[in-house]
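Trainee: After the structure tokens below, expect a handful of questions from me.
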Amino acid sequence: MDKMIAFIVLPLIMATVFYLLYINGYLVTNAKRALVYIGSMGGKKATFTSCTGYTKRIIKFKENGEVNFHFDLELTKGDVTMELLDESKQCILQLDHTKQHARIHIESKKRYYLIFRFKSASGRYLLTWE
């Protein structure tokens, strides 16, 4: 009986911990395949070769106001887009090789979804905001 309880309780505890890590921006979800993918801990920069798929993380901003985004993207092939979604998962910003700068209004303490989408891409990116 004790093994049965442990078999049920342990996965519930693990799922709760993973969920808390994800909604607070510490856990990244991704579905990608690549020959090489080297990303930073915060997800703001990466170098990749033949990458297809996406990475998604939650970010929060500390203050309300206007934020300038700069998406420095160097590709040798393929395509990469960066999307910022609000809490209702509506796209509020999309940057790529044609549009690398934008200014948007954000609210503090709200969760935003930061998604990078790769299509047979090789190169690197650096995302900064201020």
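Residue numbering restarts at 1 in every chain; chains get A, B, ... in the order shown in the structure tokens, and ligands count up from 1 in that same order.
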Can you tell me, as a list in words, what residues are no more than 12 Å from Cys91 of chain A when counting only C-alpha atoms, ignoring any on the same chain fewer than 5 positions away?
Mentor: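 Non-adjacent residues within range: Met82, Glu83, Leu84, Leu85, Asp86, Ile104, Tyr112, Tyr113, Leu114 and Ile115 of chain A.
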Trainee: Enumerate as a PyMOL selection string all residues of chain A assigned to strand (DSSP E) by DSSP on the backbone, naming them with the chain letters and numbers the document uses.
Mentor: chain A and resi 29-33+36-39+45-60+65-85+91-95+101-106+111-129
Trainee: I'd like the contact shell of segment 20-27 of chain A - 12 Å cut-off, only C-alpha atoms, skipping same-chain residues fewer than 4 positions apart - returned as JSON, numbers by chain.
Mentor: {"A": [13, 14, 15, 16, 41, 42, 43, 55, 56, 57, 58, 59, 60, 61, 87, 109, 110, 111, 112, 113, 114]}
Trainee: For Thr76 of chain A, which residue among A:Tyr37, A:Tyr125, A:Phe18, A:Phe116 is the nearest when counting only C-alpha atoms?
Mentor: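 For Thr76 of chain A, the nearest of the given residues is A:Tyr125.
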Trainee: So which residues of chain A fall under alpha helix (DSSP H) by DSSP, listed as a ChimeraX atom specification?
Mentor: /A:2-23
Trainee: Those residues you just picked out, can you put them in a file as a JSON list (two decimals), in the first residue's frame with C-alpha atoms?
Mentor:
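Produced file result38.json, reproduced below:
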```
[["chain", "number", "residue", "atom", "x", "y", "z"],
["A", 2, "ASP", "CA", 2.86, 2.41, 0.82],
["A", 3, "LYS", "CA", 4.41, 1.75, -2.59],
["A", 4, "MET", "CA", 1.08, 2.53, -4.24],
["A", 5, "ILE", "CA", 0.83, 5.89, -2.45],
["A", 6, "ALA", "CA", 4.43, 6.75, -3.35],
["A", 7, "PHE", "CA", 3.73, 5.75, -6.96],
["A", 8, "ILE", "CA", 0.86, 8.29, -7.09],
["A", 9, "VAL", "CA", 2.20, 11.07, -4.85],
["A", 10, "LEU", "CA", 5.73, 11.32, -6.28],
["A", 11, "PRO", "CA", 4.61, 12.11, -9.88],
["A", 12, "LEU", "CA", 2.13, 14.69, -8.53],
["A", 13, "ILE", "CA", 4.88, 16.41, -6.55],
["A", 14, "MET", "CA", 7.21, 16.36, -9.55],
["A", 15, "ALA", "CA", 4.50, 17.76, -11.85],
["A", 16, "THR", "CA", 3.81, 20.56, -9.37],
["A", 17, "VAL", "CA", 7.50, 21.46, -9.10],
["A", 18, "PHE", "CA", 7.92, 21.48, -12.91],
["A", 19, "TYR", "CA", 4.80, 23.63, -13.31],
["A", 20, "LEU", "CA", 6.03, 26.15, -10.73],
["A", 21, "LEU", "CA", 9.42, 26.32, -12.42],
["A", 22, "TYR", "CA", 7.77, 26.84, -15.83],
["A", 23, "ILE", "CA", 5.33, 29.60, -14.84]]
```
Trainee: With only C-alpha atoms as the counted atoms, please give the residues lying no more than 10 Å from Lys45 of chain A, apart from itself and same-chain residues fewer than 2 positions off, as a list in words.
Mentor: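 Selected residues are Ile38, Gly39, Ser40, Met41, Gly42, Gly43, Thr47, Phe71, Asp72, Leu73, Arg124, Tyr125, Leu126, Leu127 and Thr128 of chain A.
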